[in-house]
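Content type mmCIF, C-alpha atoms and all ligand atoms, from the file model10.cif:
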```cif
data_entry
#
loop_
_atom_site.label_atom_id
_atom_site.label_comp_id
_atom_site.auth_asym_id
_atom_site.auth_seq_id
_atom_site.Cartn_x
_atom_site.Cartn_y
_atom_site.Cartn_z
CA MET A 1 -1.63 -16.08 9.44
CA LYS A 2 -3.82 -13.28 8.22
CA LYS A 3 -2.25 -9.86 8.61
CA ILE A 4 -3.86 -7.79 11.33
CA GLN A 5 -5.19 -4.56 9.90
CA LEU A 6 -3.46 -1.29 10.68
CA HIS A 7 -6.20 0.09 12.87
CA TRP A 8 -6.15 -3.00 15.06
CA GLN A 9 -2.39 -2.81 15.29
CA ILE A 10 -2.74 0.80 16.36
CA LEU A 11 -5.32 -0.07 18.97
CA ILE A 12 -3.10 -2.79 20.42
CA ALA A 13 -0.10 -0.43 20.40
CA LEU A 14 -2.18 2.15 22.19
CA VAL A 15 -3.27 -0.17 24.97
CA LEU A 16 0.26 -1.52 25.43
CA ALA A 17 1.68 2.00 25.42
CA VAL A 18 -0.69 3.16 28.15
CA LEU A 19 0.18 0.10 30.26
CA TYR A 20 3.89 0.60 29.68
CA GLY A 21 3.72 4.28 30.54
CA ILE A 22 1.80 3.59 33.76
CA PHE A 23 3.75 0.61 35.04
CA LEU A 24 7.25 1.07 33.68
CA PRO A 25 7.85 4.83 33.55
CA GLU A 26 11.46 4.44 34.66
CA TYR A 27 12.24 2.32 31.59
CA ILE A 28 10.71 4.76 29.15
CA GLY A 29 14.04 5.34 27.41
CA TYR A 30 13.87 1.83 25.96
CA VAL A 31 10.79 2.64 23.92
CA SER A 32 10.55 6.41 23.52
CA TRP A 33 13.17 6.37 20.74
CA MET A 34 10.62 4.64 18.49
CA GLY A 35 8.41 7.70 18.65
CA THR A 36 11.36 9.97 17.93
CA VAL A 37 12.40 7.91 14.91
CA PHE A 38 8.84 7.92 13.59
CA LEU A 39 8.53 11.69 13.92
CA ARG A 40 11.88 12.23 12.24
CA ALA A 41 10.79 10.02 9.35
CA LEU A 42 7.61 12.08 8.98
CA LYS A 43 9.59 15.30 9.03
CA MET A 44 11.94 13.92 6.43
CA ILE A 45 9.22 13.66 3.82
CA ILE A 46 7.42 16.95 4.47
CA ILE A 47 9.32 19.19 2.07
CA PRO A 48 9.45 16.87 -0.95
CA LEU A 49 5.82 15.95 -0.32
CA VAL A 50 4.67 19.56 -0.26
CA LEU A 51 6.70 20.53 -3.29
CA ALA A 52 5.66 17.56 -5.40
CA SER A 53 2.00 17.50 -4.41
CA ILE A 54 1.36 21.22 -4.78
CA ILE A 55 3.36 21.64 -7.98
CA THR A 56 1.60 18.68 -9.59
CA GLY A 57 -1.81 19.76 -8.34
CA VAL A 58 -1.48 23.34 -9.53
CA ALA A 59 0.10 22.37 -12.84
CA ASN A 60 -2.73 19.95 -13.59
CA MET A 61 -5.32 22.46 -12.57
CA GLY A 62 -3.73 25.07 -14.79
CA SER A 63 -4.01 22.84 -17.81
CA ALA A 64 -7.63 22.26 -16.94
CA GLU A 65 -7.94 25.98 -17.50
CA ASN A 66 -8.84 25.23 -21.08
CA LEU A 67 -12.08 24.15 -19.55
CA GLY A 68 -12.38 27.75 -18.39
CA ARG A 69 -15.63 28.35 -16.62
CA LEU A 70 -15.89 24.78 -15.42
CA GLY A 71 -12.44 24.92 -13.87
CA LEU A 72 -13.17 28.19 -12.17
CA LYS A 73 -16.49 27.02 -10.77
CA THR A 74 -14.95 23.83 -9.50
CA MET A 75 -12.15 25.69 -7.75
CA LEU A 76 -14.60 28.12 -6.24
CA TYR A 77 -16.70 25.27 -4.89
CA TYR A 78 -13.64 23.51 -3.44
CA ILE A 79 -12.27 26.59 -1.75
CA LEU A 80 -15.61 27.73 -0.40
CA THR A 81 -16.71 24.41 1.04
CA SER A 82 -13.31 23.72 2.58
CA THR A 83 -13.31 27.17 4.15
CA PHE A 84 -16.82 26.62 5.55
CA ALA A 85 -15.61 23.33 7.01
CA ILE A 86 -12.56 24.91 8.60
CA VAL A 87 -14.58 27.73 10.09
CA THR A 88 -17.08 25.25 11.54
CA GLY A 89 -14.19 23.42 13.18
CA LEU A 90 -12.64 26.64 14.40
CA ILE A 91 -15.86 27.80 16.04
CA LEU A 92 -16.39 24.46 17.79
CA VAL A 93 -12.83 24.19 19.01
CA ASN A 94 -13.02 27.72 20.40
CA ILE A 95 -16.27 26.97 22.18
CA PHE A 96 -15.35 23.59 23.66
CA LYS A 97 -11.59 24.09 24.09
CA PRO A 98 -10.84 20.36 24.28
CA GLY A 99 -7.13 20.91 24.92
CA ALA A 100 -7.44 23.48 27.67
CA GLY A 101 -7.95 22.78 31.32
CA ALA A 102 -6.31 19.44 31.88
CA ASP A 103 -2.77 19.77 33.16
CA LEU A 104 -0.92 17.89 30.49
CA ASN A 105 2.58 18.94 31.40
CA PHE A 106 2.88 20.37 27.95
CA THR A 107 3.59 23.96 28.76
CA GLN A 108 7.13 23.82 27.53
CA GLU A 109 9.33 25.86 25.26
CA VAL A 110 7.53 26.78 22.09
CA GLY A 111 9.11 27.91 18.83
CA GLY A 112 9.95 31.53 18.15
CA HIS A 113 7.62 32.24 15.25
CA ILE A 114 4.60 32.57 17.39
CA ASP A 115 4.62 36.33 18.08
CA THR A 116 4.90 37.41 14.51
CA SER A 117 2.09 39.64 13.32
CA LEU A 118 -0.06 38.70 10.37
CA GLY A 119 1.44 41.43 8.21
CA GLU A 120 4.93 40.22 8.88
CA ILE A 121 3.91 36.66 8.12
CA LEU A 122 2.48 37.80 4.80
CA ILE A 123 5.71 39.52 3.83
CA ARG A 124 7.77 36.56 4.94
CA ILE A 125 5.78 34.30 2.66
CA ILE A 126 8.06 35.43 -0.15
CA PRO A 127 11.29 33.57 0.46
CA ASP A 128 14.44 35.60 -0.06
CA ASN A 129 16.30 32.36 -0.41
CA LEU A 130 14.44 29.19 -1.25
CA PHE A 131 17.11 26.92 0.15
CA ASP A 132 17.15 28.79 3.42
CA ALA A 133 13.40 28.39 3.53
CA MET A 134 13.78 24.66 3.02
CA SER A 135 16.38 24.27 5.72
CA ASP A 136 14.42 26.35 8.20
CA ASN A 137 11.21 24.52 9.01
CA GLY A 138 9.51 27.72 10.10
CA GLN A 139 9.30 28.88 6.52
CA MET A 140 6.95 26.25 5.22
CA LEU A 141 4.55 28.91 3.92
CA SER A 142 7.32 30.21 1.67
CA ILE A 143 7.83 26.78 0.24
CA ILE A 144 4.12 26.41 -0.41
CA PHE A 145 4.08 29.85 -2.01
CA PHE A 146 6.96 28.94 -4.27
CA ALA A 147 5.38 25.60 -5.18
CA ILE A 148 2.12 27.29 -6.19
CA LEU A 149 3.97 29.77 -8.40
CA PHE A 150 6.16 27.09 -9.89
CA GLY A 151 3.17 24.86 -10.63
CA PHE A 152 1.30 27.76 -12.16
CA PHE A 153 4.12 28.80 -14.45
CA ILE A 154 4.63 25.25 -15.61
CA THR A 155 1.36 25.75 -17.44
CA ARG A 156 2.83 28.80 -19.18
CA VAL A 157 5.86 27.19 -20.81
CA ASN A 158 6.06 25.32 -24.09
CA GLU A 159 4.38 21.94 -24.51
CA LYS A 160 7.59 19.94 -24.30
CA SER A 161 8.83 21.48 -21.05
CA LYS A 162 5.36 21.43 -19.61
CA ARG A 163 4.98 17.71 -20.24
CA MET A 164 8.46 16.98 -18.93
CA LEU A 165 7.98 18.93 -15.71
CA THR A 166 4.50 17.66 -14.94
CA ASP A 167 5.65 14.09 -15.54
CA PHE A 168 8.71 14.65 -13.42
CA PHE A 169 6.86 16.11 -10.46
CA SER A 170 4.09 13.58 -10.55
CA ALA A 171 6.72 10.84 -10.62
CA VAL A 172 8.41 12.41 -7.59
CA PHE A 173 5.01 12.58 -5.95
CA ASP A 174 4.42 8.86 -6.60
CA VAL A 175 7.74 7.98 -5.05
CA ILE A 176 7.11 10.12 -1.99
CA MET A 177 3.68 8.58 -1.65
CA GLN A 178 5.19 5.11 -1.65
CA LEU A 179 7.66 6.26 0.94
CA THR A 180 4.86 7.73 3.02
CA MET A 181 2.95 4.45 2.89
CA PHE A 182 6.09 2.69 4.01
CA ILE A 183 6.56 5.02 6.97
CA ILE A 184 2.90 4.74 7.87
CA LYS A 185 3.35 0.98 8.27
CA PHE A 186 5.42 1.81 11.34
CA THR A 187 2.67 3.92 12.91
CA PRO A 188 1.90 1.33 15.61
CA LEU A 189 5.53 1.40 16.77
CA GLY A 190 5.62 5.19 16.56
CA ILE A 191 2.41 5.43 18.54
CA PHE A 192 3.72 3.00 21.08
CA GLY A 193 6.84 5.08 21.67
CA LEU A 194 5.14 8.47 21.69
CA VAL A 195 2.13 7.51 23.75
CA ALA A 196 4.11 5.52 26.31
CA GLU A 197 6.38 8.52 26.77
CA LYS A 198 3.47 10.93 27.19
CA VAL A 199 1.67 8.65 29.61
CA ALA A 200 4.85 8.28 31.67
CA GLU A 201 5.34 12.01 31.97
CA VAL A 202 1.76 13.18 32.32
CA ASP A 203 0.51 13.54 35.89
CA ASP A 204 -3.16 13.61 35.11
CA LEU A 205 -3.86 10.67 32.86
CA ILE A 206 -7.62 10.83 33.33
CA GLY A 207 -7.54 14.50 32.37
CA LEU A 208 -5.65 13.60 29.20
CA MET A 209 -8.18 10.92 28.29
CA GLN A 210 -11.03 13.34 28.88
CA SER A 211 -9.37 15.91 26.66
CA MET A 212 -8.84 13.33 23.93
CA GLY A 213 -12.47 12.27 24.14
CA LEU A 214 -13.64 15.86 23.91
CA TYR A 215 -11.25 16.50 21.03
CA MET A 216 -12.67 13.56 19.08
CA LEU A 217 -16.17 14.72 19.83
CA VAL A 218 -15.39 18.21 18.52
CA VAL A 219 -13.94 16.81 15.27
CA LEU A 220 -16.86 14.43 14.79
CA THR A 221 -19.47 17.10 15.55
CA GLY A 222 -17.81 19.47 13.09
CA LEU A 223 -17.74 16.83 10.37
CA PHE A 224 -21.33 15.93 11.09
CA LEU A 225 -22.53 19.54 10.89
CA HIS A 226 -20.65 20.11 7.67
CA ALA A 227 -21.86 16.91 6.04
CA VAL A 228 -25.44 17.09 7.22
CA ILE A 229 -26.16 20.81 7.14
CA THR A 230 -23.68 22.88 5.10
CA LEU A 231 -23.22 20.58 2.11
CA PRO A 232 -26.89 19.58 1.78
CA LEU A 233 -27.85 23.28 1.90
CA ILE A 234 -25.47 23.96 -0.96
CA THR A 235 -26.74 21.02 -3.00
CA ARG A 236 -30.31 22.04 -2.29
CA PHE A 237 -30.06 25.75 -3.00
CA ILE A 238 -27.28 26.04 -5.53
CA GLY A 239 -27.59 22.62 -7.15
CA ARG A 240 -31.38 22.50 -6.74
CA VAL A 241 -31.34 18.75 -6.16
CA ASN A 242 -32.65 16.64 -3.33
CA PRO A 243 -29.70 16.01 -0.96
CA ARG A 244 -31.34 12.91 0.49
CA LYS A 245 -31.69 11.28 -2.92
CA HIS A 246 -28.14 12.22 -3.71
CA PHE A 247 -27.00 10.67 -0.45
CA GLN A 248 -28.81 7.43 -1.33
CA ALA A 249 -27.05 7.41 -4.66
CA LEU A 250 -23.70 7.72 -2.93
CA ARG A 251 -24.10 5.07 -0.23
CA ILE A 252 -21.53 2.61 -1.55
CA PRO A 253 -18.71 5.09 -2.14
CA LEU A 254 -19.36 6.67 1.25
CA ILE A 255 -19.13 3.36 3.08
CA THR A 256 -16.02 2.54 1.08
CA ALA A 257 -14.44 5.88 1.92
CA TRP A 258 -15.24 5.34 5.56
CA SER A 259 -13.75 1.89 5.68
CA THR A 260 -10.68 2.48 3.49
CA SER A 261 -9.86 6.01 4.69
CA SER A 262 -8.78 6.81 1.18
CA SER A 263 -10.48 9.17 -1.26
CA ASN A 264 -8.22 7.87 -4.00
CA ALA A 265 -9.10 4.24 -3.43
CA THR A 266 -12.77 5.22 -3.43
CA LEU A 267 -12.53 7.34 -6.58
CA PRO A 268 -13.64 4.70 -9.12
CA LEU A 269 -16.75 4.00 -7.05
CA THR A 270 -17.46 7.70 -6.60
CA ILE A 271 -17.25 8.28 -10.35
CA GLN A 272 -19.49 5.33 -11.04
CA ALA A 273 -22.13 6.37 -8.50
CA VAL A 274 -22.14 10.00 -9.60
CA GLU A 275 -22.46 9.02 -13.26
CA GLU A 276 -24.85 6.13 -12.98
CA ASN A 277 -26.99 6.95 -9.96
CA ASP A 278 -26.99 10.73 -10.08
CA GLY A 279 -26.83 10.90 -13.86
CA VAL A 280 -23.99 13.42 -14.07
CA SER A 281 -22.29 13.55 -17.48
CA LYS A 282 -18.93 11.85 -18.01
CA LYS A 283 -17.38 15.16 -18.91
CA ILE A 284 -18.16 16.76 -15.56
CA ALA A 285 -17.70 13.66 -13.41
CA ASN A 286 -14.34 12.84 -14.95
CA PHE A 287 -13.14 16.37 -14.57
CA THR A 288 -14.36 17.26 -11.07
CA LEU A 289 -14.06 13.99 -9.18
CA PRO A 290 -10.40 13.08 -9.73
CA LEU A 291 -9.49 16.69 -9.06
CA GLY A 292 -11.69 16.65 -5.97
CA ALA A 293 -10.19 13.42 -4.64
CA THR A 294 -6.80 15.09 -4.61
CA ILE A 295 -7.49 18.66 -3.66
CA ASN A 296 -10.98 18.99 -2.22
CA MET A 297 -10.82 17.72 1.34
CA ASP A 298 -13.35 19.43 3.56
CA GLY A 299 -13.12 16.79 6.26
CA THR A 300 -9.36 16.91 6.31
CA ALA A 301 -9.33 20.70 6.40
CA LEU A 302 -11.72 20.79 9.37
CA TYR A 303 -9.76 18.10 11.13
CA GLU A 304 -6.43 19.87 10.68
CA CYS A 305 -7.75 23.11 12.06
CA VAL A 306 -9.26 21.45 15.14
CA ALA A 307 -6.17 19.31 15.71
CA VAL A 308 -3.77 22.24 15.55
CA MET A 309 -5.93 24.34 17.85
CA PHE A 310 -6.20 21.38 20.22
CA ILE A 311 -2.43 21.02 20.32
CA ALA A 312 -2.04 24.76 20.88
CA GLN A 313 -4.51 24.62 23.76
CA ALA A 314 -2.74 21.63 25.27
CA TYR A 315 0.52 23.59 25.20
CA GLY A 316 -1.23 26.46 26.91
CA MET A 317 -0.82 28.76 23.90
CA ASP A 318 -3.35 31.50 23.32
CA MET A 319 -3.90 31.81 19.61
CA SER A 320 -4.54 35.39 18.51
CA VAL A 321 -7.06 36.16 15.80
CA GLY A 322 -4.18 36.67 13.36
CA GLN A 323 -2.76 33.27 14.16
CA GLN A 324 -6.16 31.66 13.81
CA VAL A 325 -6.54 33.24 10.40
CA LEU A 326 -3.14 31.82 9.56
CA ILE A 327 -4.30 28.39 10.72
CA VAL A 328 -7.38 28.67 8.51
CA VAL A 329 -5.30 29.53 5.46
CA THR A 330 -2.66 26.89 6.11
CA ALA A 331 -5.28 24.25 6.89
CA LEU A 332 -6.86 25.03 3.54
CA LEU A 333 -3.54 24.71 1.75
CA ALA A 334 -2.59 21.61 3.71
CA SER A 335 -5.87 19.95 2.80
CA ILE A 336 -5.26 20.81 -0.84
CA GLY A 337 -1.77 19.37 -0.56
CA ALA A 338 -2.86 16.21 1.30
CA ALA A 339 -3.07 13.11 -0.83
CA GLY A 340 -6.22 11.01 -0.81
CA ILE A 341 -4.67 8.20 1.14
CA PRO A 342 -4.97 7.05 4.75
CA MET A 343 -3.39 9.38 7.29
CA ALA A 344 -2.21 11.91 4.74
CA GLY A 345 -3.89 14.61 6.80
CA LEU A 346 -1.78 13.71 9.77
CA VAL A 347 1.43 14.26 7.83
CA MET A 348 0.16 17.64 6.67
CA ILE A 349 -0.56 18.73 10.23
CA THR A 350 3.15 18.83 10.85
CA ILE A 351 3.28 21.62 8.28
CA ILE A 352 0.69 23.76 10.02
CA LEU A 353 2.40 23.19 13.35
CA THR A 354 5.64 24.41 11.86
CA VAL A 355 3.99 27.43 10.30
CA VAL A 356 2.42 28.60 13.55
CA GLY A 357 5.50 27.68 15.56
CA LEU A 358 4.13 24.85 17.66
CA PRO A 359 6.35 21.90 18.58
CA LEU A 360 6.04 19.00 16.19
CA GLU A 361 5.92 16.65 19.15
CA GLY A 362 2.32 17.79 19.55
CA VAL A 363 1.49 15.30 16.84
CA GLY A 364 2.15 12.61 19.44
CA LEU A 365 -1.03 13.75 21.16
CA ILE A 366 -3.38 13.29 18.26
CA LEU A 367 -1.65 10.37 16.59
CA ALA A 368 -3.39 7.82 18.75
CA VAL A 369 -6.87 8.62 17.53
CA ASP A 370 -5.99 9.76 14.03
CA ARG A 371 -6.92 6.51 12.36
CA ILE A 372 -10.47 6.57 13.68
CA LEU A 373 -11.02 10.20 12.76
CA ASP A 374 -9.53 9.51 9.34
CA MET A 375 -12.47 7.26 8.50
CA PHE A 376 -14.98 10.01 9.16
CA ARG A 377 -13.05 12.81 7.51
CA THR A 378 -12.48 10.73 4.39
CA ALA A 379 -16.18 10.02 4.09
CA THR A 380 -16.79 13.77 4.43
CA ASN A 381 -14.18 14.44 1.74
CA VAL A 382 -15.83 12.07 -0.71
CA TRP A 383 -19.28 13.39 0.14
CA SER A 384 -18.15 16.92 -0.63
CA ASP A 385 -16.54 15.84 -3.93
CA SER A 386 -19.76 14.23 -5.02
CA CYS A 387 -21.88 17.22 -3.97
CA GLY A 388 -19.50 19.39 -5.98
CA ALA A 389 -19.94 17.26 -9.09
CA VAL A 390 -23.70 17.48 -8.78
CA VAL A 391 -23.79 21.22 -8.11
CA ILE A 392 -21.50 21.94 -11.04
CA ALA A 393 -23.43 19.64 -13.35
CA ARG A 394 -26.64 21.44 -12.44
CA THR A 395 -25.22 24.89 -12.95
CA GLU A 396 -24.01 23.68 -16.35
CA GLY A 397 -27.61 22.90 -17.20
CA GLU A 398 -27.70 19.13 -16.67
CA VAL A 399 -31.05 17.66 -15.70
CA LEU A 400 -30.19 14.86 -13.19
CA GLU A 401 -33.77 13.71 -13.01
CA ASN A 402 -32.94 10.87 -10.58
CA ILE A 403 -32.13 13.24 -7.77
CA VAL A 404 -34.13 16.42 -8.29
N1 LIG A 501 -7.53 9.91 4.30
C1 LIG A 501 -7.98 11.15 3.75
C2 LIG A 501 -8.49 10.94 2.35
O1 LIG A 501 -8.09 10.04 1.68
C3 LIG A 501 -6.92 12.17 3.78
C4 LIG A 501 -6.56 12.47 5.19
O2 LIG A 501 -5.72 11.78 5.76
O3 LIG A 501 -7.17 13.36 5.78
O4 LIG A 501 -9.33 11.67 1.90
#
```
Show me the file's structure as structure tokens.
Amino acid sequence: MKKIQLHWQILIALVLAVLYGIFLPEYIGYVSWMGTVFLRALKMIIIPLVLASIITGVANMGSAENLGRLGLKTMLYYILTSTFAIVTGLILVNIFKPGAGADLNFTQEVGGHIDTSLGEILIRIIPDNLFDAMSDNGQMLSIIFFAILFGFFITRVNEKSKRMLTDFFSAVFDVIMQLTMFIIKFTPLGIFGLVAEKVAEVDDLIGLMQSMGLYMLVVLTGLFLHAVITLPLITRFIGRVNPRKHFQALRIPLITAWSTSSSNATLPLTIQAVEENDGVSKKIANFTLPLGATINMDGTALYECVAVMFIAQAYGMDMSVGQQVLIVVTALLASIGAAGIPMAGLVMITIILTVVGLPLEGVGLILAVDRILDMFRTATNVWSDSCGAVVIARTEGEVLENIV
């Protein structure tokens, strides 16, 4: 029998979970453990994933420093576009407040890190004891901070150590990625447990559905605005190319990104389209695109920001400006750290939740629709990577006559 694809499995799990939660709430204990196990498995991989992905990413970027100006421009483009995306999401989620209003029964105890001021958070970023930071989930920012420093200084040691460490951390990263893929196979069971439990305990199911619908709409609108307005404006005015022609050139990779939900899987097609259809040189395409597939994730960044704010709203938490700034920064880092594979963004959300002190169980809320949103955010990620390649090629003096 042909294997049913993951998104169908998730859909089936979702329907069954809702039915179970409605009709058999008194037997919820028989299934809720599946959700708990799934969440624990996700938590288990967070720290090694963050360490390995950020250290490898930064170390590789550092060695690209030889490319000097090109590296700097590329980084600038990645950080700017991801920040624009996050801010778009933040504005929309503040306007529409998809999580607020419906009584979701979620106003429960919330972690203690929430009242900390921005200044204090900044100081606490420097871990006084790395191992304490690792054992206390609230200190994820410290771990990220350490990983960035470690990755950076890998590029400053002798060739032999540099090679050894980069190889080591990218090997660890590969292993963790395999492990992540393995855990993700159990998503339908996890969803079943988590959603059934939520449905059983929520009084206002219709309200929950409405909130979920609005949440999806906010994410999709944000992605749409970013992909159709922000990025084309940048390609038009900084890259001085025709965004529509560029879009035509990228059709195949975009459809592939959408259907595979993986920037990495799409990468060969993205490189081919950018080189052959847009006419970008090998040098620039081969430098910017693989880097972009791993660290430039505008769609993911936007999604993470909206999702975390949605969860906060559902828990009845008012996020201060300081906390929202913190979400923006962590969403940016989390999107950099997220791998270009399906549902990587979801795993990274657990990090932001920990940083701002929201309960990890909030993930249960957004898990159900993550797979659908993943398709759209991945397409946005790939679209931004390709726009970046074009913009950088143009500022380096390339002609790209096919798309001007
Ligand atoms: N699936 C996304 C990508 O490959 C990452 C994510 O889960 O947001 O680009």
Kindly compile the residues surrounding ligand LIG 501 (chain A) within 9 Å, counting all atoms listed in the file, and format them as number ranges by chain.
A: 257, 260-266, 293-294, 296-301, 303-304, 335, 338-348, 370-371, 373-382
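The coordinates place CA of Ser386 (chain A) at 27.7 Å from CA of Ile184 (chain A).
Across the structure, CA of Gly397 (chain A) and CA of Trp383 (chain A) are spaced 21.5 Å apart.
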Suppose you want the space between CA of Pro359 (chain A) and CA of Phe146 (chain A); what is it in Å?
23.9 Å
For a cut-off of 12 Å around (-0.9, 11.7, 30.7), file coordinates, pick out all residues using only C-alpha atoms and list them as a PyMOL selection string.
chain A and resi 17-19+21-22+25+102-106+194-212+314+364-365
Would you mind telling me which residue in A:Asp167, A:Glu26, A:Asp318, A:Asp128 lies nearest to Asn60 (chain A) when using all atoms listed in the file?
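Nearest to Asn60 (chain A): A:Asp167.
Of the listed residues A:Phe237, A:Phe173, A:Tyr315, A:Phe310, the one whose atoms come nearest to Ile327 (chain A) is A:Phe310, with distances taken using all atoms listed in the file.
In terms of minimum interatomic distance to Ala59 (chain A), A:Met164 ranks closest within A:Leu130, A:Met164, A:Val15, A:Leu141, counting all atoms listed in the file.
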Of the listed residues A:Thr187, A:Gln5, A:Thr221, A:Thr288, that which approaches Met34 (chain A) most closely, counting all atoms listed in the file:
A:Thr187
Mind checking which residues fall within 7 Å of Ile148 (chain A), counting all atoms listed in the file, ignoring those fewer than 4 positions away in the same chain, and posting them as a ChimeraX atom specification?
/A:54-55,58,144,152
Can I get the selection written as a PDB file, in the frame of the given file, with C-alpha atoms?
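Wrote selection_34.pdb, looks like this:
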```pdb
ATOM      1  CA  ILE A  54       1.360  21.220  -4.780  1.00  0.00           C
ATOM      2  CA  ILE A  55       3.360  21.640  -7.980  1.00  0.00           C
ATOM      3  CA  VAL A  58      -1.480  23.340  -9.530  1.00  0.00           C
ATOM      4  CA  ILE A 144       4.120  26.410  -0.410  1.00  0.00           C
ATOM      5  CA  PHE A 152       1.300  27.760 -12.160  1.00  0.00           C
TER       6      PHE A 152
END
```
Near-Val390 (chain A) list (12 Å; all atoms listed in the file; drop same-chain fewer than 6 positions) as a ChimeraX atom specification:
/A:74,77,231-232,234-243,245-247,249-250,270-271,273-275,277-282,284-285,288-289,383-384,396-404
Name the closest residue to Leu179 (chain A) among the candidates A:Ile45, A:Val321, A:Ala393, A:Leu360; distances are taken between atoms, counting all atoms listed in the file.
A:Ile45
Within 9 Å of Phe84 (chain A) using all atoms listed in the file, minus same-chain residues under 6 positions, as a list in words
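The contact residues come out as His226, Thr230, Asp298 and Leu302 of chain A.
Counting all atoms listed in the file, the residue from A:Thr330, A:Asn129, A:Gln313, A:Thr56 that sits nearest to Thr166 (chain A) is A:Thr56.
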As a PyMOL selection string, please: the residues near Phe96 (chain A) (cut-off 8 Å, all atoms listed in the file, same-chain neighbours under 4 positions excluded).
chain A and resi 92+214+218
Using only C-alpha atoms, determine which residues lie at most 7 Å from region 189-192 of chain A, disregarding the query and same-chain residues fewer than 5 positions distant; provide the list as a list of chain:residue names.
A:Ala13, A:Leu14, A:Ala17, A:Met34, A:Gly35, A:Phe38, A:Leu367, A:Ala368
Could the residues in this selection be written to a file with C-alpha atoms, as an mmCIF file, in the coordinates of the input?
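Result written to selection-v3.cif:
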```cif
data_model
loop_
_atom_site.group_PDB
_atom_site.id
_atom_site.type_symbol
_atom_site.label_atom_id
_atom_site.label_comp_id
_atom_site.auth_asym_id
_atom_site.auth_seq_id
_atom_site.Cartn_x
_atom_site.Cartn_y
_atom_site.Cartn_z
ATOM 1 C CA ALA A 13 -0.100 -0.430 20.400
ATOM 2 C CA LEU A 14 -2.180 2.150 22.190
ATOM 3 C CA ALA A 17 1.680 2.000 25.420
ATOM 4 C CA MET A 34 10.620 4.640 18.490
ATOM 5 C CA GLY A 35 8.410 7.700 18.650
ATOM 6 C CA PHE A 38 8.840 7.920 13.590
ATOM 7 C CA LEU A 367 -1.650 10.370 16.590
ATOM 8 C CA ALA A 368 -3.390 7.820 18.750
#
```
